[in-house]
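Below is one structure, written out as structure tokens, with a few remarks after it.
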Amino acid sequence: MSVIVVSDYSSGAARTWTDERACLSALADQRGDIAFDVLLLEDEKYRDSYPADILSIIPGTRVIFSQAGSSYALKNAGVREATAPIVVVLDADCRPDSGWLSLAVAALRSNPDVAAVSGRTLYEGGELLTRVLGLLTRSYLDPGKPGPGRFIANNAAAFRHNVLIDHPLPEDLGPFSSRVQSESMRRAGHKLWFEPRMRVIHEFEGLSMEADIRRNIGYGTVATRIAEPSLPYAGLVRIGAVATPVIFGAKLLNTWRDCVRCASDYGVRWFELPFALGAAVIVNIMEIPGMLAAYRRLPIERTAYR
């Protein structure tokens, strides 16, 4: 297994190094006898200032400096460098639980027709807001139990290397455009899998981070369907910006459905559901500026995402 680690949310070099240290420390604590190597993909501009101590956390870790501008381009570059038959793509601001790698390997070995597997993402901290935002943002791919799924997490997933080579991430549609990849895999006959015990803890930098995430989600919703007319609901999106209220309404209904269906799995109790349903309206409204930017063929402004 090769593990590719990329810092996709670049809120400053110091924070990037902190994220990478925490992520590699979690990888070093993995249980089981899974043999893996680590590839850190980083911007070329950090070649002369990269902290050497990060590479000592897991012996043999390599850092590969690249001119690639986007996080997906960095991830694709890592995939091309990897040599193992299973490749994990992991965002640096995510800390996998100690059994994560073993569970990923077990799922792929038990299901030969499965091309990729991912699990649950929870936000760090037990406050109501972090639990609710984790639920609203991450439960869309969660069927509630192990089994086939329609999506693969864009922040932590394990793939068969040969399939990943044939179906790279799109590099010019924003950091929330992995739906293009998963749909490409499914059209080619590959199965996607969900394993709820594969849990990662995602760092939470407050509401500014969530607003940034939502702008980019909105951008990806529109940009991917303009670029790929075969994606679900592409016909509606391609009508133009006048479809934005309908897209908003449909996404809100999906969010509410996922919220009710998965609340307990993300630590949200039944009496906290009204707060979650109300917050769903707000976070979906946050996606609209990103949608409009995609329609106008403009980049997202004020984003920390690569």
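Each chain in the structure tokens gets a letter, A, B, ..., in the order shown, and its residues are numbered from 1; ligands are numbered from 1 in order too.
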#### Entry: For segment 292-302 of chain A: contacts at 10 Å, only C-alpha atoms, fewer than 6 positions along chain excluded, given as a VMD selection string
chain A and resid 173 to 174 212 215 to 216 218 to 224 226 237 to 238 240 to 242 244
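Counting only C-alpha atoms, Ala211 of chain A has the following residues at most 9 Å away, ignoring those fewer than 4 positions along the same chain: Gly206, Leu207, Arg215, Asn216, Val283, Met286 and Glu287 of chain A.
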### Message
Quick check for you: according to DSSP on this backbone, which residues of segment 21-206 of chain A are classed as strand (DSSP E or B)? Reply as a PyMOL selection string.
### Response
chain A and resi 37-43+62-66+86-91+94-96+114-123+147-149+156-160+191-202
### Task
Tell me which protein, DNA and RNA residues are within 7 Å of segment 26-36 of chain A, counting only C-alpha atoms, leaving out same-chain ones fewer than 5 positions away, and put them as a PyMOL selection string.
chain A and resi 1-3+58+95-96+98-99+101-102
#### Entry: Long-range neighbours of Glu42 of chain A as a ChimeraX atom specification, 9 Å cut-off, only C-alpha atoms, 5 positions minimum in chain
/A:5-7,47,63-68,74
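Among the candidates A:Thr18, A:Asn254, A:Ser178, A:Ser230, the residue lying nearest to Ala92 of chain A is A:Thr18 (atoms considered: only C-alpha atoms).
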### Message
Give me, as an MDAnalysis selection string, all polymer residues having an atom no more than 8 Å from segment 110-127 of chain A, counting only C-alpha atoms and skipping those fewer than 5 positions away in the same chain.
### Response
chainID A and resid 104 133:135 138:139 142 152:153 156:160 163 185 190:204 266
May I have the residues from that selection written out with C-alpha atoms, as a JSON list (two decimals), in the first residue's frame?
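Output file selection-v3.json is given in full below:
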[["chain", "number", "residue", "atom", "x", "y", "z"],
["A", 104, "ALA", "CA", -9.45, -0.57, 3.85],
["A", 133, "LEU", "CA", -21.53, 20.62, 10.43],
["A", 134, "GLY", "CA", -19.80, 17.26, 10.17],
["A", 135, "LEU", "CA", -23.20, 15.67, 9.66],
["A", 138, "ARG", "CA", -20.00, 14.64, 5.20],
["A", 139, "SER", "CA", -23.05, 12.34, 5.44],
["A", 142, "ASP", "CA", -22.96, 7.49, 4.03],
["A", 152, "ILE", "CA", -16.05, 8.13, -2.58],
["A", 153, "ALA", "CA", -14.81, 10.60, 0.03],
["A", 156, "ALA", "CA", -9.68, 9.93, 2.63],
["A", 157, "ALA", "CA", -10.08, 6.84, 0.44],
["A", 158, "ALA", "CA", -8.26, 3.70, -0.69],
["A", 159, "PHE", "CA", -8.16, 2.70, -4.37],
["A", 160, "ARG", "CA", -6.84, -0.07, -6.55],
["A", 163, "VAL", "CA", -8.15, 1.84, -11.57],
["A", 185, "MET", "CA", -15.36, 4.57, -12.34],
["A", 190, "HIS", "CA", -16.25, -0.55, -11.05],
["A", 191, "LYS", "CA", -17.95, -0.76, -7.66],
["A", 192, "LEU", "CA", -17.49, 1.77, -4.86],
["A", 193, "TRP", "CA", -17.67, 0.69, -1.21],
["A", 194, "PHE", "CA", -18.45, 2.30, 2.13],
["A", 195, "GLU", "CA", -17.03, 1.06, 5.42],
["A", 196, "PRO", "CA", -18.34, 3.07, 8.40],
["A", 197, "ARG", "CA", -15.57, 1.86, 10.72],
["A", 198, "MET", "CA", -13.01, 3.61, 8.49],
["A", 199, "ARG", "CA", -13.21, 6.86, 10.42],
["A", 200, "VAL", "CA", -11.10, 9.97, 10.05],
["A", 201, "ILE", "CA", -11.15, 13.09, 12.20],
["A", 202, "HIS", "CA", -11.09, 16.25, 10.10],
["A", 203, "GLU", "CA", -9.63, 19.41, 11.62],
["A", 204, "PHE", "CA", -12.12, 22.23, 12.07],
["A", 266, "TYR", "CA", -22.39, 11.73, 13.60]]
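From atom CA of Gln181 of chain A back to atom CA of Trp17 of chain A, the distance works out to 28.4 Å.
One finds atom CA of Gly147 of chain A at 23.3 Å from atom CA of Pro168 of chain A.
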### Query
Taking only C-alpha atoms into account, which of A:Asp37, A:Asp265, A:Glu228, A:Asp19 comes nearest Ile86 of chain A?
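Of A:Asp37, A:Asp265, A:Glu228, A:Asp19, the one nearest Ile86 of chain A is A:Asp37, counting only C-alpha atoms.
Taking atom CA of Arg131 of chain A and atom CA of Val268 of chain A as the two end points, the separation is 6.3 Å.
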### Task
Would you return as a ChimeraX atom specification the members of segment 53-269 of chain A that DSSP assigns to alpha helix (DSSP H) on this structure's backbone?
/A:71-81,100-110,128-138,161-166,179-187,207-227,234-237,244-262
### Pick from A:Thr61, A:Ser177, A:Thr16, A:Ser49 nearest to Asn154 of chain A, counting only C-alpha atoms
A:Ser177
### Message
Could you check the closest approach to Ile4 of chain A for each of A:Ser56, A:Ser25, A:Asn155, A:Thr137 and tell me which residue wins, using only C-alpha atoms?
### Response
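Result for the nearest residue to Ile4 of chain A: A:Asn155.
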